[in-house]
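data26.txt (compact mmCIF, C-alpha atoms and all ligand atoms)
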# COMPACT_ATOMS: atom_id res chain seq x y z
CA MET A 1 -53.10 36.05 -29.15
CA LEU A 2 -50.51 38.81 -29.26
CA THR A 3 -50.88 42.42 -30.38
CA VAL A 4 -48.47 45.17 -31.35
CA ALA A 5 -50.15 48.52 -30.68
CA LYS A 6 -48.49 51.54 -32.29
CA PHE A 7 -49.62 55.02 -31.29
CA GLY A 8 -49.01 58.05 -33.53
CA GLY A 9 -48.08 61.55 -32.40
CA SER A 10 -51.67 62.84 -32.19
CA SER A 11 -52.46 59.98 -29.77
CA LEU A 12 -49.60 61.20 -27.59
CA SER A 13 -49.92 64.97 -27.71
CA ASN A 14 -50.77 65.68 -24.06
CA ALA A 15 -51.79 64.11 -20.74
CA THR A 16 -55.40 63.48 -21.86
CA GLN A 17 -54.16 61.53 -24.88
CA PHE A 18 -51.68 59.59 -22.73
CA GLN A 19 -54.57 58.58 -20.47
CA LYS A 20 -56.60 57.38 -23.48
CA VAL A 21 -53.65 55.29 -24.64
CA LYS A 22 -53.30 53.75 -21.20
CA ASN A 23 -57.01 52.83 -21.13
CA ILE A 24 -56.72 51.25 -24.56
CA VAL A 25 -53.56 49.27 -23.79
CA LEU A 26 -54.72 47.98 -20.44
CA SER A 27 -58.20 47.06 -21.70
CA ASP A 28 -56.74 44.19 -23.75
CA PRO A 29 -54.12 41.95 -22.16
CA THR A 30 -52.81 40.90 -25.58
CA ARG A 31 -51.50 44.46 -26.20
CA GLN A 32 -48.07 43.52 -24.93
CA ILE A 33 -45.89 45.44 -27.37
CA VAL A 34 -46.47 49.19 -27.53
CA VAL A 35 -44.71 51.43 -30.05
CA CYS A 36 -44.69 55.21 -29.58
CA SER A 37 -44.15 58.13 -31.92
CA ALA A 38 -43.06 61.46 -30.45
CA LEU A 39 -45.51 63.92 -28.84
CA GLY A 40 -47.60 65.32 -31.69
CA LYS A 41 -49.63 68.48 -32.22
CA ARG A 42 -52.13 69.46 -29.53
CA ASP A 43 -54.05 71.56 -32.05
CA LYS A 44 -53.68 72.68 -35.65
CA SER A 45 -51.34 75.57 -34.85
CA ASP A 46 -49.06 73.52 -32.59
CA THR A 47 -45.66 72.08 -33.62
CA LYS A 48 -44.76 68.38 -33.44
CA ILE A 49 -41.82 67.51 -31.22
CA THR A 50 -40.08 65.91 -34.22
CA ASP A 51 -40.33 69.19 -36.13
CA LEU A 52 -39.01 71.12 -33.13
CA LEU A 53 -36.03 68.77 -33.00
CA TYR A 54 -35.28 69.31 -36.68
CA ILE A 55 -35.45 73.07 -36.08
CA LEU A 56 -33.22 72.74 -33.02
CA HIS A 57 -30.67 70.84 -35.07
CA ALA A 58 -30.62 73.57 -37.74
CA HIS A 59 -30.09 76.23 -35.05
CA LEU A 60 -27.19 74.27 -33.59
CA LYS A 61 -25.63 73.67 -36.96
CA PHE A 62 -25.67 77.32 -37.91
CA SER A 63 -24.81 78.54 -34.40
CA VAL A 64 -28.11 80.39 -33.97
CA PRO A 65 -29.35 80.86 -30.37
CA TYR A 66 -31.72 78.02 -29.52
CA GLY A 67 -32.81 78.77 -25.95
CA ASP A 68 -36.50 79.35 -26.81
CA ILE A 69 -36.79 76.12 -28.78
CA TRP A 70 -35.13 74.11 -26.06
CA GLU A 71 -37.50 75.60 -23.52
CA MET A 72 -40.53 74.64 -25.62
CA LEU A 73 -39.27 71.07 -25.89
CA TYR A 74 -38.41 70.83 -22.22
CA ASN A 75 -41.75 72.21 -21.09
CA ARG A 76 -43.78 69.90 -23.28
CA PHE A 77 -42.15 66.76 -21.91
CA VAL A 78 -42.09 67.90 -18.30
CA GLY A 79 -45.68 69.15 -18.66
CA VAL A 80 -46.95 65.65 -19.56
CA LYS A 81 -44.93 64.09 -16.75
CA ASN A 82 -46.28 66.54 -14.16
CA ASP A 83 -49.88 66.44 -15.38
CA LEU A 84 -49.93 62.67 -14.94
CA GLY A 85 -47.60 62.40 -11.97
CA ILE A 86 -45.37 60.02 -13.89
CA ASP A 87 -42.54 58.61 -11.86
CA TYR A 88 -39.71 58.88 -14.37
CA ASP A 89 -36.92 61.40 -13.97
CA ILE A 90 -37.31 62.89 -17.42
CA GLU A 91 -35.59 66.09 -16.24
CA GLU A 92 -32.38 64.12 -15.82
CA ASP A 93 -32.57 62.72 -19.36
CA LEU A 94 -33.41 66.17 -20.72
CA ASN A 95 -30.48 67.74 -18.87
CA SER A 96 -28.04 65.18 -20.17
CA LEU A 97 -29.37 65.75 -23.70
CA LYS A 98 -28.89 69.49 -23.21
CA ALA A 99 -25.28 68.85 -22.22
CA GLU A 100 -24.77 66.97 -25.49
CA LEU A 101 -26.05 69.79 -27.71
CA ASN A 102 -23.35 71.18 -29.95
CA LYS A 103 -22.74 72.24 -33.54
CA THR A 104 -21.85 68.78 -34.75
CA ILE A 105 -24.46 66.66 -32.96
CA SER A 106 -25.87 64.03 -35.30
CA GLU A 107 -29.25 65.00 -36.71
CA GLU A 108 -30.43 61.39 -36.66
CA TYR A 109 -29.58 61.08 -32.98
CA LEU A 110 -31.08 64.40 -31.93
CA VAL A 111 -34.34 63.91 -33.86
CA SER A 112 -34.76 60.37 -32.51
CA ARG A 113 -34.89 61.80 -28.97
CA GLY A 114 -38.55 62.69 -29.56
CA GLU A 115 -39.55 59.03 -29.69
CA TYR A 116 -36.95 58.10 -27.06
CA LEU A 117 -38.34 60.43 -24.38
CA THR A 118 -42.01 59.97 -25.28
CA SER A 119 -41.76 56.19 -25.08
CA LYS A 120 -39.94 56.34 -21.75
CA LEU A 121 -42.76 58.47 -20.34
CA MET A 122 -45.30 56.00 -21.69
CA ALA A 123 -43.47 52.94 -20.35
CA SER A 124 -43.41 54.43 -16.88
CA PHE A 125 -47.08 55.46 -17.13
CA LEU A 126 -48.15 51.96 -18.23
CA GLY A 127 -45.83 50.07 -15.90
CA TYR A 128 -44.30 48.31 -18.92
CA THR A 129 -40.58 47.72 -19.53
CA TRP A 130 -38.92 50.25 -21.83
CA VAL A 131 -36.67 48.75 -24.50
CA ASP A 132 -34.49 50.99 -26.67
CA ALA A 133 -35.14 50.56 -30.40
CA LYS A 134 -31.41 50.86 -31.07
CA ASP A 135 -30.91 47.53 -29.33
CA LEU A 136 -33.60 45.89 -31.47
CA LEU A 137 -33.73 47.26 -35.00
CA ARG A 138 -30.28 46.83 -36.51
CA TYR A 139 -29.42 48.25 -39.91
CA ASN A 140 -26.44 47.71 -42.19
CA TYR A 141 -24.46 50.76 -43.30
CA ASP A 142 -26.36 50.72 -46.61
CA GLY A 143 -29.58 51.36 -44.66
CA LYS A 144 -30.94 47.83 -45.10
CA LEU A 145 -32.49 46.13 -42.10
CA ASP A 146 -30.51 43.17 -40.77
CA GLU A 147 -33.61 41.02 -40.48
CA GLU A 148 -31.99 38.06 -38.78
CA LEU A 149 -30.26 40.05 -36.05
CA THR A 150 -33.30 42.23 -35.51
CA GLU A 151 -35.57 39.23 -35.10
CA LYS A 152 -33.17 37.67 -32.62
CA ASN A 153 -32.95 40.89 -30.59
CA VAL A 154 -36.71 41.38 -30.54
CA LYS A 155 -37.40 37.79 -29.49
CA ILE A 156 -34.88 37.96 -26.65
CA ALA A 157 -36.18 41.32 -25.37
CA PHE A 158 -39.78 40.15 -25.51
CA SER A 159 -39.14 36.79 -23.86
CA LYS A 160 -37.55 38.60 -20.90
CA ASP A 161 -40.24 41.14 -20.20
CA ARG A 162 -43.38 40.26 -22.19
CA LYS A 163 -44.84 43.78 -21.74
CA ILE A 164 -42.66 46.28 -23.50
CA VAL A 165 -42.73 49.82 -24.87
CA VAL A 166 -40.44 50.57 -27.81
CA PRO A 167 -39.73 53.98 -29.39
CA GLY A 168 -40.60 54.14 -33.09
CA PHE A 169 -38.76 55.85 -35.94
CA TYR A 170 -35.19 54.67 -35.33
CA GLY A 171 -32.79 51.78 -34.97
CA ALA A 172 -29.00 51.54 -35.07
CA TYR A 173 -26.14 51.01 -37.48
CA PRO A 174 -23.60 48.23 -36.73
CA ASN A 175 -21.48 50.65 -34.65
CA GLY A 176 -24.49 51.46 -32.45
CA SER A 177 -25.10 54.99 -33.73
CA VAL A 178 -28.71 55.96 -34.36
CA LYS A 179 -30.24 55.25 -37.76
CA LEU A 180 -33.34 57.36 -38.28
CA LEU A 181 -36.13 56.07 -40.52
CA SER A 182 -37.93 58.37 -42.93
CA ARG A 183 -40.78 60.59 -41.70
CA GLY A 184 -43.72 58.65 -40.31
CA GLY A 185 -41.35 55.73 -39.73
CA SER A 186 -42.84 54.59 -36.42
CA ASP A 187 -45.43 52.75 -38.54
CA VAL A 188 -42.53 50.73 -39.94
CA THR A 189 -41.09 50.04 -36.48
CA GLY A 190 -44.45 48.59 -35.46
CA ALA A 191 -44.60 46.43 -38.58
CA ILE A 192 -41.08 45.07 -38.03
CA LEU A 193 -41.84 44.14 -34.42
CA ALA A 194 -45.13 42.56 -35.48
CA LYS A 195 -43.29 40.41 -37.98
CA CYS A 196 -40.47 39.42 -35.64
CA LEU A 197 -42.96 38.17 -33.05
CA ASN A 198 -45.45 36.87 -35.62
CA VAL A 199 -48.28 38.59 -33.72
CA THR A 200 -51.99 38.06 -34.26
CA VAL A 201 -52.65 41.66 -35.25
CA TYR A 202 -50.74 44.89 -35.76
CA GLU A 203 -52.85 47.77 -34.43
CA ASN A 204 -52.03 51.23 -35.67
CA TRP A 205 -53.76 53.91 -33.58
CA THR A 206 -54.18 57.43 -34.99
CA ASP A 207 -56.85 60.14 -34.97
CA VAL A 208 -59.07 58.78 -37.76
CA SER A 209 -61.34 55.76 -37.61
CA GLY A 210 -59.60 53.83 -40.35
CA VAL A 211 -59.00 54.26 -44.04
CA LEU A 212 -61.56 56.60 -45.56
CA SER A 213 -63.19 55.69 -48.84
CA ALA A 214 -62.45 59.16 -50.27
CA ASP A 215 -60.52 62.31 -49.41
CA PRO A 216 -62.45 64.12 -46.60
CA ARG A 217 -61.22 67.47 -47.93
CA ILE A 218 -63.30 66.81 -51.04
CA VAL A 219 -66.14 64.54 -49.93
CA LYS A 220 -68.14 65.42 -46.84
CA ASN A 221 -67.92 62.67 -44.21
CA PRO A 222 -66.76 59.83 -46.42
CA LYS A 223 -67.41 56.34 -45.09
CA ALA A 224 -64.53 54.50 -43.45
CA ILE A 225 -63.57 51.20 -45.08
CA LYS A 226 -64.16 48.14 -42.88
CA GLU A 227 -61.93 45.70 -44.73
CA ILE A 228 -59.36 46.24 -47.45
CA THR A 229 -56.71 44.04 -49.01
CA TYR A 230 -53.03 44.98 -49.00
CA ALA A 231 -53.24 45.29 -52.79
CA GLU A 232 -56.22 47.66 -52.69
CA LEU A 233 -54.49 49.77 -50.07
CA ARG A 234 -51.44 49.99 -52.29
CA GLU A 235 -53.56 51.21 -55.20
CA LEU A 236 -55.24 53.87 -53.07
CA SER A 237 -51.99 54.97 -51.43
CA TYR A 238 -50.23 55.14 -54.77
CA MET A 239 -52.95 57.44 -55.99
CA GLY A 240 -52.57 59.81 -53.11
CA ALA A 241 -54.56 58.46 -50.15
CA SER A 242 -52.26 59.03 -47.19
CA VAL A 243 -52.72 56.18 -44.78
CA LEU A 244 -49.60 54.44 -43.53
CA HIS A 245 -45.90 54.88 -44.23
CA GLU A 246 -45.42 53.05 -47.53
CA GLU A 247 -42.92 50.58 -46.07
CA THR A 248 -45.38 49.40 -43.42
CA VAL A 249 -47.19 46.72 -45.35
CA TYR A 250 -44.27 44.66 -46.61
CA PRO A 251 -43.05 43.14 -43.29
CA VAL A 252 -46.51 42.12 -42.09
CA GLN A 253 -47.71 40.97 -45.50
CA GLN A 254 -44.95 38.34 -45.55
CA LEU A 255 -46.62 36.56 -42.62
CA ASN A 256 -50.15 37.62 -43.51
CA ILE A 257 -50.55 39.57 -40.26
CA PRO A 258 -53.57 41.89 -40.46
CA ILE A 259 -53.13 45.60 -39.79
CA ASN A 260 -55.97 47.18 -37.85
CA LEU A 261 -56.19 50.97 -38.15
CA ARG A 262 -57.92 52.43 -35.09
CA ASN A 263 -58.84 55.80 -33.62
CA THR A 264 -57.50 56.60 -30.14
CA ASN A 265 -60.31 59.12 -29.70
CA GLU A 266 -62.99 56.55 -30.62
CA PRO A 267 -61.70 53.28 -29.20
CA ASP A 268 -64.99 51.43 -29.70
CA ASN A 269 -64.88 51.96 -33.44
CA PRO A 270 -63.45 48.78 -35.05
CA GLY A 271 -61.61 50.86 -37.68
CA THR A 272 -60.23 49.28 -40.84
CA VAL A 273 -58.66 45.85 -41.19
CA ILE A 274 -56.04 45.45 -43.90
CA ARG A 275 -55.24 41.87 -44.88
CA GLU A 276 -54.25 39.64 -47.79
CA VAL A 277 -57.71 38.28 -48.53
CA CYS A 278 -61.02 39.93 -47.65
CA THR A 279 -64.26 38.00 -47.91
CA ASP A 280 -66.78 40.81 -47.54
CA THR A 281 -68.52 41.31 -50.88
CA THR A 282 -71.06 43.95 -49.87
CA ASN A 283 -69.30 46.83 -51.62
CA THR A 284 -68.21 46.68 -55.22
CA VAL A 285 -66.01 49.74 -54.90
CA THR A 286 -63.74 49.98 -51.88
CA GLY A 287 -62.38 53.49 -52.27
CA ILE A 288 -61.57 56.38 -54.56
CA ALA A 289 -58.37 58.40 -54.63
CA GLY A 290 -56.62 60.67 -57.05
CA LYS A 291 -53.86 63.10 -57.85
CA LYS A 292 -53.53 66.28 -59.85
CA ASP A 293 -50.53 67.55 -61.79
CA PHE A 294 -50.19 64.99 -64.53
CA CYS A 295 -49.52 65.79 -68.15
CA ALA A 296 -49.81 63.87 -71.40
CA PHE A 297 -47.47 63.78 -74.37
CA ASN A 298 -49.92 63.16 -77.22
CA ILE A 299 -48.25 61.53 -80.21
CA PHE A 300 -49.93 61.33 -83.65
CA LYS A 301 -48.73 59.78 -86.87
CA ASP A 302 -50.64 58.43 -89.86
CA HIS A 303 -50.37 54.65 -90.17
CA MET A 304 -48.44 54.45 -86.93
CA SER A 305 -50.03 51.08 -86.31
CA ASN A 306 -48.06 49.58 -89.23
CA GLU A 307 -44.68 50.66 -87.88
CA VAL A 308 -43.22 47.91 -85.68
CA GLY A 309 -41.32 49.30 -82.68
CA PHE A 310 -42.80 52.79 -82.93
CA MET A 311 -44.06 52.86 -79.36
CA ALA A 312 -40.86 51.32 -77.99
CA LYS A 313 -38.87 54.10 -79.66
CA ALA A 314 -41.06 56.72 -78.01
CA LEU A 315 -40.88 55.13 -74.59
CA SER A 316 -37.11 54.77 -74.75
CA LEU A 317 -36.87 58.56 -74.90
CA PHE A 318 -38.73 58.76 -71.59
CA GLN A 319 -36.32 56.21 -70.22
CA LYS A 320 -33.41 58.34 -71.40
CA TYR A 321 -34.70 61.25 -69.30
CA GLU A 322 -35.45 58.88 -66.39
CA VAL A 323 -39.15 59.68 -66.45
CA SER A 324 -41.43 57.09 -64.93
CA ILE A 325 -44.52 56.49 -67.06
CA GLU A 326 -47.94 56.30 -65.49
CA HIS A 327 -50.23 55.27 -68.39
CA VAL A 328 -50.14 54.86 -72.14
CA PRO A 329 -53.70 55.03 -73.50
CA SER A 330 -53.75 54.49 -77.24
CA GLY A 331 -55.71 54.81 -80.48
CA ILE A 332 -54.74 53.35 -83.86
CA ASP A 333 -52.64 56.23 -85.11
CA SER A 334 -52.08 58.02 -81.83
CA PHE A 335 -51.23 57.40 -78.26
CA SER A 336 -50.55 59.41 -75.11
CA VAL A 337 -47.83 59.02 -72.57
CA VAL A 338 -49.12 60.18 -69.22
CA VAL A 339 -46.55 61.18 -66.60
CA PRO A 340 -46.43 63.28 -63.43
CA TYR A 341 -45.62 66.83 -64.52
CA SER A 342 -42.97 67.16 -61.79
CA GLN A 343 -40.92 64.51 -63.60
CA VAL A 344 -40.75 66.37 -66.91
CA GLU A 345 -40.76 69.95 -65.70
CA LYS A 346 -37.09 70.35 -66.53
CA CYS A 347 -36.93 68.27 -69.73
CA GLN A 348 -40.35 68.82 -71.32
CA TYR A 349 -39.10 70.89 -74.30
CA GLU A 350 -36.23 68.50 -75.03
CA LEU A 351 -38.64 65.56 -74.87
CA VAL A 352 -41.15 67.11 -77.27
CA THR A 353 -38.36 68.07 -79.70
CA GLU A 354 -36.73 64.64 -79.62
CA LEU A 355 -40.04 62.79 -79.90
CA LYS A 356 -40.91 64.84 -82.99
CA ARG A 357 -37.49 64.34 -84.53
CA ASP A 358 -36.95 60.64 -83.75
CA LEU A 359 -40.51 59.56 -84.56
CA ASP A 360 -41.25 62.01 -87.32
CA ALA A 361 -44.58 62.50 -85.60
CA GLU A 362 -46.81 65.29 -84.41
CA VAL A 363 -46.44 65.78 -80.66
CA THR A 364 -48.40 67.99 -78.29
CA LEU A 365 -48.02 68.42 -74.58
CA GLU A 366 -51.21 68.61 -72.58
CA ARG A 367 -50.93 70.03 -69.04
CA ASP A 368 -53.22 70.09 -66.01
CA LEU A 369 -54.57 66.58 -66.03
CA ALA A 370 -55.78 64.75 -62.95
CA LEU A 371 -56.07 61.00 -62.48
CA VAL A 372 -58.73 59.42 -60.33
CA ALA A 373 -58.60 55.75 -59.34
CA VAL A 374 -61.71 53.76 -58.52
CA VAL A 375 -60.44 50.79 -56.52
CA GLY A 376 -62.23 47.59 -55.54
CA ARG A 377 -61.36 43.91 -55.39
CA ASN A 378 -65.04 43.11 -55.99
CA MET A 379 -65.10 44.92 -59.34
CA ALA A 380 -63.43 42.00 -61.12
CA LYS A 381 -65.73 40.11 -63.48
CA ARG A 382 -68.71 42.24 -62.48
CA ALA A 383 -70.57 44.03 -65.24
CA GLY A 384 -71.88 47.55 -64.94
CA ILE A 385 -69.27 49.53 -63.02
CA CYS A 386 -68.01 51.46 -66.03
CA GLY A 387 -71.63 52.19 -66.91
CA GLU A 388 -72.19 53.71 -63.49
CA ILE A 389 -68.97 55.70 -63.72
CA PHE A 390 -69.85 57.20 -67.10
CA GLN A 391 -73.39 57.93 -66.03
CA ALA A 392 -72.21 59.80 -62.94
CA LEU A 393 -69.60 61.77 -64.87
CA GLY A 394 -71.96 62.51 -67.76
CA LYS A 395 -74.65 63.75 -65.41
CA ASN A 396 -72.13 66.15 -63.90
CA LYS A 397 -70.86 67.25 -67.34
CA ILE A 398 -67.35 65.96 -66.70
CA ASN A 399 -65.39 65.11 -69.82
CA VAL A 400 -63.27 61.96 -69.58
CA ARG A 401 -59.82 62.54 -71.12
CA LEU A 402 -58.49 59.02 -70.68
CA LEU A 403 -59.31 55.65 -69.23
CA ALA A 404 -57.24 52.71 -68.07
CA GLN A 405 -57.83 49.46 -66.27
CA GLY A 406 -55.26 47.07 -64.84
CA PRO A 407 -55.48 43.38 -65.86
CA GLN A 408 -56.61 42.31 -62.39
CA GLU A 409 -59.59 44.65 -62.63
CA LEU A 410 -58.63 46.01 -59.24
CA ASN A 411 -58.75 49.61 -60.41
CA ILE A 412 -60.22 51.84 -63.08
CA ILE A 413 -58.25 55.00 -63.76
CA ILE A 414 -60.08 58.01 -65.10
CA GLY A 415 -58.17 61.00 -66.43
CA VAL A 416 -59.93 64.36 -66.34
CA GLN A 417 -58.91 67.99 -66.56
CA ALA A 418 -57.55 69.26 -63.27
CA VAL A 419 -60.44 71.73 -62.92
CA ASP A 420 -62.85 68.77 -62.84
CA TYR A 421 -60.84 66.84 -60.24
CA GLU A 422 -62.83 67.54 -57.07
CA ASN A 423 -66.14 67.23 -58.88
CA THR A 424 -65.07 63.86 -60.31
CA ILE A 425 -64.19 62.43 -56.90
CA ASP A 426 -67.36 63.75 -55.31
CA SER A 427 -69.64 62.51 -58.12
CA LEU A 428 -68.04 59.07 -58.18
CA TYR A 429 -68.22 58.74 -54.42
CA HIS A 430 -71.93 59.49 -54.40
CA ALA A 431 -72.64 57.21 -57.34
CA LEU A 432 -70.47 54.23 -56.34
CA ILE A 433 -69.93 54.21 -52.60
CA LYS A 434 -72.52 56.13 -50.68
N1 LIG B 1 -42.20 61.41 -35.22
C1 LIG B 1 -41.81 61.05 -36.53
C2 LIG B 1 -42.47 61.97 -37.54
O1 LIG B 1 -43.10 62.95 -37.17
C3 LIG B 1 -42.06 59.61 -36.84
C4 LIG B 1 -43.47 59.13 -36.67
O2 LIG B 1 -44.31 59.82 -36.09
O3 LIG B 1 -43.76 58.05 -37.12
O4 LIG B 1 -42.33 61.75 -38.71

What would the structure in this file look like if it were written as structure tokens?
Ligand code: ASP
Amino acid sequence: MLTVAKFGGSSLSNATQFQKVKNIVLSDPTRQIVVCSALGKRDKSDTKITDLLYILHAHLKFSVPYGDIWEMLYNRFVGVKNDLGIDYDIEEDLNSLKAELNKTISEEYLVSRGEYLTSKLMASFLGYTWVDAKDLLRYNYDGKLDEELTEKNVKIAFSKDRKIVVPGFYGAYPNGSVKLLSRGGSDVTGAILAKCLNVTVYENWTDVSGVLSADPRIVKNPKAIKEITYAELRELSYMGASVLHEETVYPVQQLNIPINLRNTNEPDNPGTVIREVCTDTTNTVTGIAGKKDFCAFNIFKDHMSNEVGFMAKALSLFQKYEVSIEHVPSGIDSFSVVVPYSQVEKCQYELVTELKRDLDAEVTLERDLALVAVVGRNMAKRAGICGEIFQALGKNKINVRLLAQGPQELNIIIGVQAVDYENTIDSLYHALIK
């Protein structure tokens, strides 16, 4: 048994959180690889260390005085060290970083120091060996991970020390300079390490007890999901549920390593397990997610169904404007092309004009649509779900604008007017999940 345990910024925001992490790590001897984000927010009004570093970089770049920001950064790190009596000379590292600050300092390098310093504090606090991510995760100049070299590096580092702490969020280019991942990238670091060592489980510790079955800003206390497949998670994430960095799943999915999402503030809660195949059949619907700000190009033409290639002609115009299409619900002599409004904001008038001209059709643009996805691996080949959906929406006087279902029956997409969005999610949650 071997576990990678990654802790997010909220799990590392102050001394109390550091202590919780230590209790968690030391309570299970298989937690031998620990990945740290940078110190996160202590409360809602606080600023993450990563954000402070981005601000510091902007000040340096534009030669704006940065003394106050530096002091905030310095005090946060030294505060955690002093509160816990950690035996690592972080002041020395901070002073040498200060000496490096100048107008041309690399943003990737500077911002990565959040994870660098936080993980060094944690390694010292745990009594684990600190290993720099730039010596493990190696990237080519095109930004692609050198999987072979990375795996070799990780295996060597782990075989030497067997209890290691690694900073998340960065690696290195072939010349050794820091390559920063995109925001939230420590999740990806954890997944890469999990894959390289083919661990039993990849634990991802945050401040929620797993993936929630609906957006808690809309539904009061939604249930957490116990088990979810990678595919279901992808459907929910695609439709707006923010769970993990989107590149997290791929490395672990290749070796079928489960991801366990856990809550640092509730360590006894088993959280959510994400894996390739889930056997639990208790719930038909796993979760509900959605997004606003879609629009539909509605295209009408008499006897359209007799014209071969009509739809292809329409879709090629969307391709010409590089618009990615979400859904194409259709009738006999009409169909709609549903797209995120942000993608057509600049070319909407040209698209309508060209669609009308090239297709000799009537075209209207409908704004303010929302899409809601009902997701569940257990929906396949089970009768009655659509009935329940329509009943719930009908009871709440919500008009369905469009409907779509993927061939695997993993999701049902319901399009409604944006004003009905919250009500749709809440009604469906109460009808299908609660
Ligand atoms: N600290 C970085 C961020 O705030 C990376 C991470 O937390 O995963 O995005």

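The space separating CA of Gly384 in chain A from CA of Ile414 in chain A comes to 15.8 Å.
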
Dump as JSON lines the rows for residues of chain A within 9 Å of ligand LIG 1 (chain B): closest atom pair and distance in Å with one decimal, only C-alpha atoms and all ligand atoms counted, ordered by chain and rising residue number.
{"residue": "A:Phe7", "atom": "CA", "partner": "B:LIG1", "partner_atom": "O2", "distance": 8.6}
{"residue": "A:Gly8", "atom": "CA", "partner": "B:LIG1", "partner_atom": "O2", "distance": 5.6}
{"residue": "A:Gly9", "atom": "CA", "partner": "B:LIG1", "partner_atom": "O2", "distance": 5.6}
{"residue": "A:Ser10", "atom": "CA", "partner": "B:LIG1", "partner_atom": "O2", "distance": 8.9}
{"residue": "A:Cys36", "atom": "CA", "partner": "B:LIG1", "partner_atom": "O2", "distance": 8.0}
{"residue": "A:Ser37", "atom": "CA", "partner": "B:LIG1", "partner_atom": "O2", "distance": 4.5}
{"residue": "A:Ala38", "atom": "CA", "partner": "B:LIG1", "partner_atom": "N1", "distance": 4.8}
{"residue": "A:Leu39", "atom": "CA", "partner": "B:LIG1", "partner_atom": "N1", "distance": 7.6}
{"residue": "A:Gly40", "atom": "CA", "partner": "B:LIG1", "partner_atom": "O1", "distance": 7.5}
{"residue": "A:Lys48", "atom": "CA", "partner": "B:LIG1", "partner_atom": "O1", "distance": 6.8}
{"residue": "A:Ile49", "atom": "CA", "partner": "B:LIG1", "partner_atom": "N1", "distance": 7.3}
{"residue": "A:Thr50", "atom": "CA", "partner": "B:LIG1", "partner_atom": "N1", "distance": 5.1}
{"residue": "A:Asp51", "atom": "CA", "partner": "B:LIG1", "partner_atom": "O1", "distance": 6.9}
{"residue": "A:Val111", "atom": "CA", "partner": "B:LIG1", "partner_atom": "N1", "distance": 8.4}
{"residue": "A:Ser112", "atom": "CA", "partner": "B:LIG1", "partner_atom": "N1", "distance": 8.0}
{"residue": "A:Gly114", "atom": "CA", "partner": "B:LIG1", "partner_atom": "N1", "distance": 6.9}
{"residue": "A:Glu115", "atom": "CA", "partner": "B:LIG1", "partner_atom": "N1", "distance": 6.6}
{"residue": "A:Gly168", "atom": "CA", "partner": "B:LIG1", "partner_atom": "O3", "distance": 6.4}
{"residue": "A:Phe169", "atom": "CA", "partner": "B:LIG1", "partner_atom": "C3", "distance": 5.1}
{"residue": "A:Tyr170", "atom": "CA", "partner": "B:LIG1", "partner_atom": "C3", "distance": 8.6}
{"residue": "A:Leu181", "atom": "CA", "partner": "B:LIG1", "partner_atom": "C3", "distance": 7.8}
{"residue": "A:Ser182", "atom": "CA", "partner": "B:LIG1", "partner_atom": "O4", "distance": 7.0}
{"residue": "A:Arg183", "atom": "CA", "partner": "B:LIG1", "partner_atom": "O4", "distance": 3.6}
{"residue": "A:Gly184", "atom": "CA", "partner": "B:LIG1", "partner_atom": "O3", "distance": 3.2}
{"residue": "A:Gly185", "atom": "CA", "partner": "B:LIG1", "partner_atom": "O3", "distance": 4.2}
{"residue": "A:Ser186", "atom": "CA", "partner": "B:LIG1", "partner_atom": "O3", "distance": 3.6}
{"residue": "A:Asp187", "atom": "CA", "partner": "B:LIG1", "partner_atom": "O3", "distance": 5.7}
{"residue": "A:Val188", "atom": "CA", "partner": "B:LIG1", "partner_atom": "O3", "distance": 7.9}
{"residue": "A:Thr189", "atom": "CA", "partner": "B:LIG1", "partner_atom": "O3", "distance": 8.5}
{"residue": "A:His245", "atom": "CA", "partner": "B:LIG1", "partner_atom": "O3", "distance": 8.1}

Residues near range 386-391 of chain A, cut-off 10 Å, only C-alpha atoms, skip fewer than 2 positions along chain, as a ChimeraX atom specification: /A:374,379,382-384,393-400,412,414,424,427-429,431-432

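With distances taken over all atoms listed in the file, A:Ala373 is the one residue among A:Val344, A:Leu149, A:Ala373, A:Ala15 lying closest to Tyr238 in chain A.
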
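CA of Gln417 in chain A is found 7.2 Å from CA of Arg401 in chain A.
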
Quick one: axis-aligned box around all listed atoms of range 419-432 of chain A, 5 Å on every side, centre and edge lengths in Å to one decimal, written as JSON.
{"center_x": -66.5, "center_y": 63.0, "center_z": -58.7, "size_x": 22.2, "size_y": 27.5, "size_z": 18.5}

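Atom pair CA of Asp83 in chain A / CA of Asp43 in chain A: separated by 17.9 Å.
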
Nearest candidate to Gly127 in chain A (options A:Leu371, A:Leu255, A:Leu94, A:Val34; using only C-alpha atoms): A:Val34

For range 100-107 of chain A, find every residue with an atom within 7 Å (counting all atoms listed in the file), except residues of its own chain fewer than 2 positions away, and show them as a JSON list (two decimals) with C-alpha atoms, in the frame of the given file.
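This went into result33.json:
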[["chain", "number", "residue", "atom", "x", "y", "z"],
["A", 57, "HIS", "CA", -30.67, 70.84, -35.07],
["A", 60, "LEU", "CA", -27.19, 74.27, -33.59],
["A", 61, "LYS", "CA", -25.63, 73.67, -36.96],
["A", 63, "SER", "CA", -24.81, 78.54, -34.40],
["A", 96, "SER", "CA", -28.04, 65.18, -20.17],
["A", 97, "LEU", "CA", -29.37, 65.75, -23.70],
["A", 98, "LYS", "CA", -28.89, 69.49, -23.21],
["A", 109, "TYR", "CA", -29.58, 61.08, -32.98],
["A", 110, "LEU", "CA", -31.08, 64.40, -31.93],
["A", 111, "VAL", "CA", -34.34, 63.91, -33.86]]

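Distance check against Met304 in chain A using all atoms listed in the file: of A:Cys347, A:Met72, A:Ala361, A:Leu317, the minimum falls on A:Ala361.
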